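To start, the structure itself, in structure tokens.
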Protein chains: 2
Amino acid sequence: MNSDMARYPEYMITVGDLSRFTGQTEKHILNSFDKEALLRLPGGKRGIPPQHVKAYISERKLNYSFKIVAHINLKGGTGKTTTTITAAARAAQYGFKTCILDMDPQGNASLAFDRMPEEDDPVFCDIWQNPGEMVMGSLKLVEDYLYILPSSLENSLLDVDLMNPRSQKHAVSGVCQELRKNGFDLVMIDCPPSLGTAVISTICAADTVVIPVCSDLFSMKGMELTLSEISSISKAFHLEPPETGILYTKFDKRIKVSKNALERISSKYQDQLLPVPIRTSSEFSKMLEKKKTVFALKGKSSAKEDYDMYLTYLLKRNETRRRNGGK
Amino acid sequence: MNSDMARYPEYMITVGDLSRFTGQTEKHILNSFDKEALLRLPGGKRGIPPQHVKAYISERKLNYSFKIVAHINLKGGTGKTTTTITAAARAAQYGFKTCILDMDPQGNASLAFDRMPEEDDPVFCDIWQNPGEMVMGSLKLVEDYLYILPSSLENSLLDVDLMNPRSQKHAVSGVCQELRKNGFDLVMIDCPPSLGTAVISTICAADTVVIPVCSDLFSMKGMELTLSEISSISKAFHLEPPETGILYTKFDKRIKVSKNALERISSKYQDQLLPVPIRTSSEFSKMLEKKKTVFALKGKSSAKEDYDMYLTYLLKRNETRRRNGGK
């Protein structure tokens, strides 16, 4: 039993996970690691700490480069926060140094990890003007490789503070570039269900915007409005629009309205719909109560499978253009 | 049995209600009406249709003048929508021609009355530039004397449309003044939990801002931020600040944290705290499912009592200054 075990109790991928991710056999993976690098998990599985996963992936040139992914839908309750925290926790398991930017003043992502800012802790509205000095000291550690810049109601003031369009263009982008300088690989942004300045600034910064959508008609309207605003905001700020993806959530194949909605979106937005609907699962709310994501669970579950596929797809996606890569 | 009965099935006050509201005896009230004006309700009570209530109140010079009341708290889930719809439904029973302005793009107030806008129905972002021609045709009737301008996700676009501070200052105010011209007595505004332009414009228009707050610490922080923003927004726009009131919601005297929070607010904000905490009650969610407010219930309930007192207090409050009265 490795003594590091206690340090990685919750978020770690297994040899089987990495096999699926890379397409290599489990045997090949087992042979690629020093025995000491692997941890024996309950159930006889072998866990691989994030830094070793990352080294393995990097050596195989998966060409991963720094990326900013935002989850946006003007309709509330479509799965933005669940998607952000679950995918971010999984990315950290793969060894990607990941930061969640909680941009929602209601702070649901921060609450989900029990990382609400204390009275004097800086939040986004305190740091965006001075990222070089402020960003790194404002992050909270969730797990190895996983950090969060938590949000609180003070971030409501951004709607007033970011009045100036120049500020809107650079606020989120500036914070993300500081994270990049400090060795982060991935920033995942959770947005409020609004079109306030925080969301506009996020659209200006993101490489990829993923729109979670479910069978609820309003969530689809929210998606359409979000898509058209992404396009007009990018135009207004003279920016290449970010890549956009649609992530179907709360899918239940036994429910007709859920199947029909997926088919409708699939035919209308075939280029954008990600090929991984997230199935409904009571595990999301169970784990939320424990202030964990589903990746802290042992064993298989549809929730883990679906978000694993989502993240794999997101990370492997071929990036044809980079908006912030050159800075 | 009066044939009008079928027309007033749900929202009507009784002789007893009016007695409490005016301080007159039930006998005096009974004698003041033609027998035909009163409706026999189930349970032997006498109901008074809104127009007769209003005439009675007006004759007794309760000095009621047009009023714009907004419910704001930057924290979600504090009772803004429940307070708006419940108090508005009660005001209509008292004969005040009342309009709910749903300013929240998530449209909870509209949903609560089953009055979501159809695809082509105009919402606030379609009408604010042209209130004279657009406002009256955009209202939906809920009950006699009770109307709503419903909201939909399209109103998210206000954050972009109302960029110009002049627009922010006048958008909500202009719509309200059009309602006033058309004989409305009361506008009740439900706001999103944000500080976007819709809320800023609402703060510029309101005579009274009521901040619903509960024992949740974040709701109190939301209240403090809301109070300070009301003051700085009023200053920035060279407006007298609106009257502000704090409405304690979800009160449960059996729960210590609930009592303590009420005491804390009471000592710190004694001038602003309204003397009517709203008690928790399962009736709110039960009636919400039926797309009604608690005032559609027959019989006594703490929910009805509390909101009756809230509204009475609000309507009788002495107004020392009027911001929009002169226009």
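FYI, nothing fancy with the structure tokens labels: chains A, B, ... in order, residues from 1 per chain, ligands from 1 as they appear.
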Quick one: contact table of chain B to chain A, 7 Å max, nearest atom pair and distance in Å to one decimal per residue, counting only C-alpha atoms, chain and number order, as JSON lines?
{"residue": "B:Leu74", "atom": "CA", "partner": "A:Leu153", "partner_atom": "CA", "distance": 6.9}
{"residue": "B:Lys75", "atom": "CA", "partner": "A:Gln106", "partner_atom": "CA", "distance": 6.5}
{"residue": "B:Gln106", "atom": "CA", "partner": "A:Lys75", "partner_atom": "CA", "distance": 6.5}
{"residue": "B:Leu153", "atom": "CA", "partner": "A:Gly222", "partner_atom": "CA", "distance": 6.5}
{"residue": "B:Ser156", "atom": "CA", "partner": "A:Leu195", "partner_atom": "CA", "distance": 5.7}
{"residue": "B:Leu157", "atom": "CA", "partner": "A:Leu195", "partner_atom": "CA", "distance": 6.7}
{"residue": "B:Asp159", "atom": "CA", "partner": "A:Gly196", "partner_atom": "CA", "distance": 5.6}
{"residue": "B:Ser194", "atom": "CA", "partner": "A:Ser156", "partner_atom": "CA", "distance": 6.0}
{"residue": "B:Leu195", "atom": "CA", "partner": "A:Ser156", "partner_atom": "CA", "distance": 5.7}
{"residue": "B:Gly196", "atom": "CA", "partner": "A:Asp159", "partner_atom": "CA", "distance": 5.6}
{"residue": "B:Gly222", "atom": "CA", "partner": "A:Leu153", "partner_atom": "CA", "distance": 6.4}
Just the selected residues (N, CA, C and O atoms), exported as a short mmCIF file (atom, residue, chain, number, x, y, z; two decimals), in the first residue's frame, please.
data_model
loop_
_atom_site.label_atom_id
_atom_site.label_comp_id
_atom_site.auth_asym_id
_atom_site.auth_seq_id
_atom_site.Cartn_x
_atom_site.Cartn_y
_atom_site.Cartn_z
N LEU B 74 -30.27 40.84 -4.22
CA LEU B 74 -29.28 40.25 -5.13
C LEU B 74 -29.15 38.75 -4.93
O LEU B 74 -28.69 38.04 -5.81
N LYS B 75 -29.53 38.26 -3.76
CA LYS B 75 -29.52 36.82 -3.51
C LYS B 75 -30.82 36.22 -4.03
O LYS B 75 -31.89 36.77 -3.77
N GLN B 106 -36.07 34.95 -16.19
CA GLN B 106 -36.47 33.56 -15.91
C GLN B 106 -37.99 33.45 -15.78
O GLN B 106 -38.53 32.34 -15.75
N LEU B 153 -37.11 34.94 -21.56
CA LEU B 153 -35.65 35.02 -21.70
C LEU B 153 -35.19 36.16 -22.60
O LEU B 153 -34.09 36.66 -22.46
N SER B 156 -33.40 39.09 -21.25
CA SER B 156 -31.95 39.08 -20.99
C SER B 156 -31.25 40.13 -21.85
O SER B 156 -30.23 40.69 -21.46
N LEU B 157 -31.81 40.35 -23.03
CA LEU B 157 -31.17 41.27 -23.96
C LEU B 157 -31.15 42.71 -23.44
O LEU B 157 -30.41 43.55 -23.94
N ASP B 159 -29.80 43.73 -20.90
CA ASP B 159 -28.45 44.05 -20.44
C ASP B 159 -27.62 44.69 -21.55
O ASP B 159 -26.72 45.47 -21.28
N SER B 194 -29.95 40.04 -9.53
CA SER B 194 -28.75 40.54 -10.20
C SER B 194 -28.72 42.04 -10.06
O SER B 194 -29.61 42.64 -9.48
N LEU B 195 -27.66 42.64 -10.61
CA LEU B 195 -27.62 44.11 -10.64
C LEU B 195 -27.54 44.59 -12.06
O LEU B 195 -26.96 45.62 -12.35
N GLY B 196 -28.11 43.82 -12.96
CA GLY B 196 -28.10 44.19 -14.37
C GLY B 196 -28.92 45.46 -14.60
O GLY B 196 -29.50 46.03 -13.68
N GLY B 222 -26.92 39.85 0.61
CA GLY B 222 -27.62 40.38 -0.56
C GLY B 222 -28.39 41.65 -0.22
O GLY B 222 -28.41 42.60 -1.00
#
What are the coordinates of chain A as a compact mmCIF listing (two decimals) with C-alpha atoms, in the first residue's frame following a least-squares fit to chain B on all in-order C-alpha atoms?
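New file selection-v9.txt:
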# COMPACT_ATOMS: atom_id res chain seq x y z
CA MET A 1 -77.09 34.06 -4.85
CA ASN A 2 -75.69 36.80 -7.00
CA SER A 3 -75.09 35.91 -10.63
CA ASP A 4 -71.73 37.71 -10.58
CA MET A 5 -70.44 35.06 -8.23
CA ALA A 6 -69.00 32.96 -11.00
CA ARG A 7 -66.96 35.94 -12.13
CA TYR A 8 -65.19 36.31 -8.79
CA PRO A 9 -64.50 32.81 -7.76
CA GLU A 10 -61.05 33.23 -6.32
CA TYR A 11 -59.83 36.60 -5.34
CA MET A 12 -62.24 38.56 -3.18
CA ILE A 13 -62.09 40.09 0.26
CA THR A 14 -64.77 39.64 2.90
CA VAL A 15 -66.59 42.08 5.12
CA GLY A 16 -64.32 40.91 7.93
CA ASP A 17 -61.19 41.69 5.89
CA LEU A 18 -62.41 45.18 5.10
CA SER A 19 -63.28 45.73 8.73
CA ARG A 20 -59.72 44.97 9.74
CA PHE A 21 -58.32 47.10 6.92
CA THR A 22 -60.38 50.20 7.68
CA GLY A 23 -60.94 49.83 11.40
CA GLN A 24 -64.71 50.06 10.90
CA THR A 25 -67.11 47.53 12.45
CA GLU A 26 -68.48 44.77 10.25
CA LYS A 27 -71.94 46.09 10.87
CA HIS A 28 -71.01 49.54 9.64
CA ILE A 29 -69.54 48.04 6.52
CA LEU A 30 -72.56 45.86 5.88
CA ASN A 31 -74.78 48.92 6.17
CA SER A 32 -72.63 50.91 3.77
CA PHE A 33 -73.31 48.63 0.82
CA ASP A 34 -76.36 47.86 -1.24
CA LYS A 35 -77.22 44.27 -0.53
CA GLU A 36 -76.66 43.51 -4.21
CA ALA A 37 -73.06 44.60 -4.06
CA LEU A 38 -72.21 41.84 -1.61
CA LEU A 39 -71.76 38.24 -2.67
CA ARG A 40 -72.59 35.28 -0.50
CA LEU A 41 -69.47 33.13 -0.26
CA PRO A 42 -69.34 29.49 0.80
CA GLY A 43 -69.19 29.38 4.59
CA GLY A 44 -71.72 32.21 5.02
CA LYS A 45 -69.21 35.03 4.56
CA ARG A 46 -69.96 38.09 2.51
CA GLY A 47 -67.57 38.90 -0.32
CA ILE A 48 -67.11 42.39 -1.70
CA PRO A 49 -66.11 42.75 -5.35
CA PRO A 50 -63.02 44.91 -5.90
CA GLN A 51 -64.74 47.92 -7.44
CA HIS A 52 -66.97 48.30 -4.38
CA VAL A 53 -64.05 47.90 -2.01
CA LYS A 54 -62.20 50.58 -3.87
CA ALA A 55 -65.17 52.96 -3.82
CA TYR A 56 -65.56 52.38 -0.09
CA ILE A 57 -61.88 53.03 0.58
CA SER A 58 -61.74 56.08 -1.68
CA GLU A 59 -64.76 57.66 0.00
CA ARG A 60 -63.02 57.32 3.34
CA LYS A 61 -60.04 59.23 1.94
CA LEU A 62 -57.29 56.75 2.61
CA ASN A 63 -55.27 59.04 0.38
CA TYR A 64 -53.99 56.32 -1.81
CA SER A 65 -51.96 57.54 -4.74
CA PHE A 66 -50.24 55.74 -7.58
CA LYS A 67 -47.29 53.76 -6.32
CA ILE A 68 -44.46 51.68 -7.74
CA VAL A 69 -43.18 48.97 -5.40
CA ALA A 70 -40.19 46.83 -6.36
CA HIS A 71 -38.98 43.62 -4.73
CA ILE A 72 -35.22 43.29 -4.96
CA ASN A 73 -32.51 41.16 -3.38
CA LEU A 74 -29.27 40.23 -5.12
CA LYS A 75 -29.52 36.79 -3.52
CA GLY A 76 -31.94 34.39 -5.16
CA GLY A 77 -34.52 32.39 -3.25
CA THR A 78 -35.46 34.98 -0.64
CA GLY A 79 -39.13 35.29 -1.60
CA LYS A 80 -39.19 38.08 -4.20
CA THR A 81 -41.60 36.36 -6.57
CA THR A 82 -43.88 35.00 -3.84
CA THR A 83 -44.09 38.42 -2.27
CA THR A 84 -44.75 40.19 -5.56
CA ILE A 85 -47.53 37.92 -6.76
CA THR A 86 -49.17 37.44 -3.36
CA ALA A 87 -49.23 41.11 -2.44
CA ALA A 88 -50.37 42.07 -5.95
CA ALA A 89 -53.24 39.57 -5.87
CA ARG A 90 -54.33 40.96 -2.51
CA ALA A 91 -54.09 44.57 -3.68
CA ALA A 92 -56.43 43.70 -6.56
CA GLN A 93 -58.93 42.31 -4.07
CA TYR A 94 -58.90 45.69 -2.34
CA GLY A 95 -59.84 47.25 -5.65
CA PHE A 96 -56.46 48.67 -6.52
CA LYS A 97 -55.92 48.27 -10.25
CA THR A 98 -52.63 46.47 -10.07
CA CYS A 99 -50.01 45.54 -12.63
CA ILE A 100 -47.16 43.12 -11.98
CA LEU A 101 -44.06 43.97 -14.00
CA ASP A 102 -42.09 40.78 -14.32
CA MET A 103 -38.53 41.98 -14.94
CA ASP A 104 -36.85 38.61 -14.37
CA PRO A 105 -35.92 36.90 -17.67
CA GLN A 106 -36.51 33.57 -15.90
CA GLY A 107 -40.19 34.61 -15.76
CA ASN A 108 -41.11 33.03 -12.43
CA ALA A 109 -43.95 35.46 -11.71
CA SER A 110 -45.39 34.90 -15.20
CA LEU A 111 -45.12 31.17 -14.73
CA ALA A 112 -46.76 31.40 -11.31
CA PHE A 113 -49.96 32.73 -12.93
CA ASP A 114 -49.61 30.58 -16.03
CA ARG A 115 -49.17 33.71 -18.12
CA MET A 116 -45.93 32.96 -19.92
CA PRO A 117 -45.69 35.01 -23.11
CA GLU A 118 -46.29 33.16 -26.36
CA GLU A 119 -43.67 33.25 -29.09
CA ASP A 120 -44.80 36.61 -30.53
CA ASP A 121 -46.16 38.30 -27.40
CA PRO A 122 -44.29 41.50 -26.61
CA VAL A 123 -42.29 41.64 -23.39
CA PHE A 124 -40.52 44.50 -21.66
CA CYS A 125 -37.58 44.66 -24.06
CA ASP A 126 -40.04 45.09 -26.96
CA ILE A 127 -42.08 47.90 -25.44
CA TRP A 128 -39.93 50.18 -23.30
CA GLN A 129 -38.96 52.46 -26.16
CA ASN A 130 -42.54 53.06 -27.10
CA PRO A 131 -44.70 52.74 -23.99
CA GLY A 132 -47.57 54.91 -25.27
CA GLU A 133 -48.32 52.52 -28.09
CA MET A 134 -47.16 49.24 -26.70
CA VAL A 135 -47.77 48.89 -22.96
CA MET A 136 -51.51 48.41 -22.68
CA GLY A 137 -51.70 45.87 -25.49
CA SER A 138 -48.95 43.80 -23.91
CA LEU A 139 -50.60 43.20 -20.55
CA LYS A 140 -52.24 39.90 -19.70
CA LEU A 141 -55.28 39.74 -17.44
CA VAL A 142 -54.91 37.49 -14.39
CA GLU A 143 -58.12 38.39 -12.55
CA ASP A 144 -60.32 41.47 -12.34
CA TYR A 145 -58.03 44.38 -11.38
CA LEU A 146 -54.91 42.25 -11.70
CA TYR A 147 -52.68 42.36 -14.78
CA ILE A 148 -49.18 41.22 -15.57
CA LEU A 149 -46.59 42.23 -18.12
CA PRO A 150 -45.03 38.81 -18.42
CA SER A 151 -41.33 38.20 -18.93
CA SER A 152 -39.32 35.76 -20.97
CA LEU A 153 -35.69 35.01 -21.68
CA GLU A 154 -35.75 37.72 -24.39
CA ASN A 155 -35.56 40.23 -21.56
CA SER A 156 -31.99 39.06 -20.99
CA LEU A 157 -31.20 41.26 -23.96
CA LEU A 158 -31.99 44.31 -21.83
CA ASP A 159 -28.48 44.03 -20.44
CA VAL A 160 -27.27 44.91 -23.91
CA ASP A 161 -30.19 47.14 -25.02
CA LEU A 162 -30.07 49.39 -21.97
CA MET A 163 -26.35 50.11 -22.13
CA ASN A 164 -27.05 53.83 -22.33
CA PRO A 165 -27.48 55.32 -18.83
CA ARG A 166 -30.30 57.57 -20.08
CA SER A 167 -32.20 54.47 -21.14
CA GLN A 168 -31.55 52.88 -17.76
CA LYS A 169 -32.96 55.92 -16.01
CA HIS A 170 -36.19 56.06 -18.00
CA ALA A 171 -37.07 52.57 -19.29
CA VAL A 172 -39.00 51.17 -16.31
CA SER A 173 -40.22 54.59 -15.23
CA GLY A 174 -41.69 55.28 -18.69
CA VAL A 175 -43.62 52.02 -18.70
CA CYS A 176 -44.95 52.68 -15.19
CA GLN A 177 -46.10 56.19 -16.03
CA GLU A 178 -48.01 54.81 -19.00
CA LEU A 179 -49.75 52.40 -16.62
CA ARG A 180 -50.60 55.31 -14.36
CA LYS A 181 -52.13 57.22 -17.28
CA ASN A 182 -54.30 54.20 -17.94
CA GLY A 183 -55.83 54.14 -14.50
CA PHE A 184 -53.53 51.76 -12.66
CA ASP A 185 -53.09 52.41 -8.95
CA LEU A 186 -50.20 50.13 -8.19
CA VAL A 187 -47.26 48.57 -10.03
CA MET A 188 -45.46 45.70 -8.33
CA ILE A 189 -42.11 44.78 -9.84
CA ASP A 190 -40.40 41.40 -9.52
CA CYS A 191 -36.66 41.62 -10.20
CA PRO A 192 -34.02 39.02 -11.05
CA PRO A 193 -31.31 38.36 -8.42
CA SER A 194 -28.75 40.51 -10.20
CA LEU A 195 -27.64 44.08 -10.64
CA GLY A 196 -28.12 44.17 -14.39
CA THR A 197 -29.62 47.10 -16.21
CA ALA A 198 -33.19 45.91 -15.60
CA VAL A 199 -32.67 46.21 -11.85
CA ILE A 200 -30.86 49.53 -12.13
CA SER A 201 -33.74 50.88 -14.20
CA THR A 202 -36.21 49.54 -11.63
CA ILE A 203 -34.36 51.27 -8.79
CA CYS A 204 -34.61 54.53 -10.76
CA ALA A 205 -38.38 54.09 -11.16
CA ALA A 206 -39.54 52.73 -7.79
CA ASP A 207 -41.18 54.74 -5.03
CA THR A 208 -40.56 51.91 -2.61
CA VAL A 209 -38.07 49.06 -2.72
CA VAL A 210 -38.83 46.14 -0.45
CA ILE A 211 -36.01 43.69 0.19
CA PRO A 212 -37.23 40.22 1.15
CA VAL A 213 -34.69 38.53 3.39
CA CYS A 214 -34.62 35.25 5.29
CA SER A 215 -32.36 33.61 7.87
CA ASP A 216 -29.86 32.49 5.22
CA LEU A 217 -26.65 34.50 5.75
CA PHE A 218 -26.28 35.11 2.03
CA SER A 219 -29.70 36.69 1.84
CA MET A 220 -28.57 39.21 4.44
CA LYS A 221 -25.41 39.96 2.50
CA GLY A 222 -27.63 40.37 -0.55
CA MET A 223 -29.73 42.83 1.40
CA GLU A 224 -26.73 44.88 2.45
CA LEU A 225 -25.38 45.02 -1.10
CA THR A 226 -28.83 45.93 -2.40
CA LEU A 227 -29.15 48.76 0.12
CA SER A 228 -25.77 50.21 -0.76
CA GLU A 229 -26.40 49.92 -4.49
CA ILE A 230 -29.79 51.62 -4.18
CA SER A 231 -28.04 54.51 -2.57
CA SER A 232 -25.18 54.75 -5.08
CA ILE A 233 -27.42 54.27 -8.11
CA SER A 234 -29.81 56.97 -6.90
CA LYS A 235 -26.85 59.27 -6.41
CA ALA A 236 -25.38 58.50 -9.84
CA PHE A 237 -28.70 59.29 -11.51
CA HIS A 238 -29.40 62.38 -9.36
CA LEU A 239 -32.59 60.89 -7.94
CA GLU A 240 -34.03 60.88 -4.45
CA PRO A 241 -33.51 57.34 -3.21
CA PRO A 242 -36.72 55.31 -2.97
CA GLU A 243 -38.13 54.38 0.41
CA THR A 244 -36.70 51.05 1.45
CA GLY A 245 -38.26 48.35 3.57
CA ILE A 246 -36.95 44.98 4.71
CA LEU A 247 -39.43 42.13 4.71
CA TYR A 248 -38.40 39.12 6.76
CA THR A 249 -39.61 35.93 5.04
CA LYS A 250 -39.68 32.20 5.79
CA PHE A 251 -39.89 32.98 9.50
CA ASP A 252 -40.19 29.99 11.80
CA LYS A 253 -40.23 30.91 15.48
CA ARG A 254 -39.48 27.28 16.43
CA ILE A 255 -36.12 27.51 14.69
CA LYS A 256 -33.46 29.33 16.64
CA VAL A 257 -31.45 30.53 13.66
CA SER A 258 -34.61 32.08 12.26
CA LYS A 259 -35.40 33.94 15.49
CA ASN A 260 -31.81 35.08 15.92
CA ALA A 261 -31.57 36.41 12.39
CA LEU A 262 -34.78 38.38 12.81
CA GLU A 263 -33.48 39.89 16.04
CA ARG A 264 -30.17 40.80 14.43
CA ILE A 265 -31.85 42.57 11.53
CA SER A 266 -34.33 44.15 13.85
CA SER A 267 -31.65 45.79 15.95
CA LYS A 268 -29.46 46.85 13.02
CA TYR A 269 -32.19 48.04 10.66
CA GLN A 270 -34.99 49.00 13.00
CA ASP A 271 -36.17 51.87 10.82
CA GLN A 272 -36.42 49.75 7.72
CA LEU A 273 -37.59 46.39 8.99
CA LEU A 274 -41.31 46.01 8.29
CA PRO A 275 -43.19 44.88 11.39
CA VAL A 276 -44.65 41.83 9.64
CA PRO A 277 -42.42 38.80 9.24
CA ILE A 278 -43.88 36.31 6.77
CA ARG A 279 -44.14 32.90 8.43
CA THR A 280 -43.13 29.74 6.57
CA SER A 281 -46.11 27.89 5.21
CA SER A 282 -46.54 24.93 2.94
CA GLU A 283 -49.47 26.77 1.39
CA PHE A 284 -47.15 28.86 -0.76
CA SER A 285 -45.81 25.90 -2.67
CA LYS A 286 -49.18 24.16 -2.76
CA MET A 287 -50.83 27.16 -4.34
CA LEU A 288 -47.90 27.70 -6.71
CA GLU A 289 -48.55 24.26 -8.15
CA LYS A 290 -52.12 25.34 -8.84
CA LYS A 291 -50.87 28.57 -10.47
CA LYS A 292 -52.69 30.61 -7.83
CA THR A 293 -51.70 32.69 -4.82
CA VAL A 294 -52.73 31.91 -1.26
CA PHE A 295 -55.52 34.50 -1.55
CA ALA A 296 -57.42 32.10 -3.78
CA LEU A 297 -57.80 29.87 -0.71
CA LYS A 298 -61.00 29.87 1.31
CA GLY A 299 -60.69 30.25 5.04
CA LYS A 300 -57.95 31.49 7.32
CA SER A 301 -54.26 30.79 6.95
CA SER A 302 -51.08 32.31 8.31
CA ALA A 303 -49.90 32.93 4.76
CA LYS A 304 -52.97 35.04 3.98
CA GLU A 305 -52.80 36.86 7.30
CA ASP A 306 -49.14 37.76 6.93
CA TYR A 307 -49.38 39.07 3.39
CA ASP A 308 -52.58 40.90 4.21
CA MET A 309 -50.72 42.72 6.96
CA TYR A 310 -47.77 43.36 4.66
CA LEU A 311 -49.97 44.89 2.00
CA THR A 312 -52.01 46.91 4.47
CA TYR A 313 -48.82 48.30 5.93
CA LEU A 314 -47.42 49.06 2.48
CA LEU A 315 -50.56 50.82 1.26
CA LYS A 316 -51.13 52.84 4.40
CA ARG A 317 -47.53 53.87 4.82
CA ASN A 318 -47.18 57.57 4.91
CA GLU A 319 -45.37 58.76 1.87
CA THR A 320 -43.24 61.71 2.72
CA ARG A 321 -41.76 62.13 -0.72
CA ARG A 322 -42.83 61.24 -4.22
CA ARG A 323 -40.31 60.79 -6.94
CA ASN A 324 -42.52 60.18 -9.93
CA GLY A 325 -45.72 61.74 -8.68
CA GLY A 326 -45.24 65.01 -10.48
CA LYS A 327 -44.67 63.66 -13.95
Run DSSP on the backbone and give me the residues of segment 98-293 of chain A it puts in helix (DSSP H, G or I), as an MDAnalysis selection string.
-> chainID A and resid 108:112 124:127 131:138 153:161 165:181 197:205 217:236 256:268 282:289
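Residues of segment 64-120 of chain B carrying a DSSP assignment of strand (DSSP E), computed from the backbone, are Lys67, Ile68, Val69, Ala70, His71, Thr98, Cys99, Ile100, Leu101 and Asp102 of chain B.
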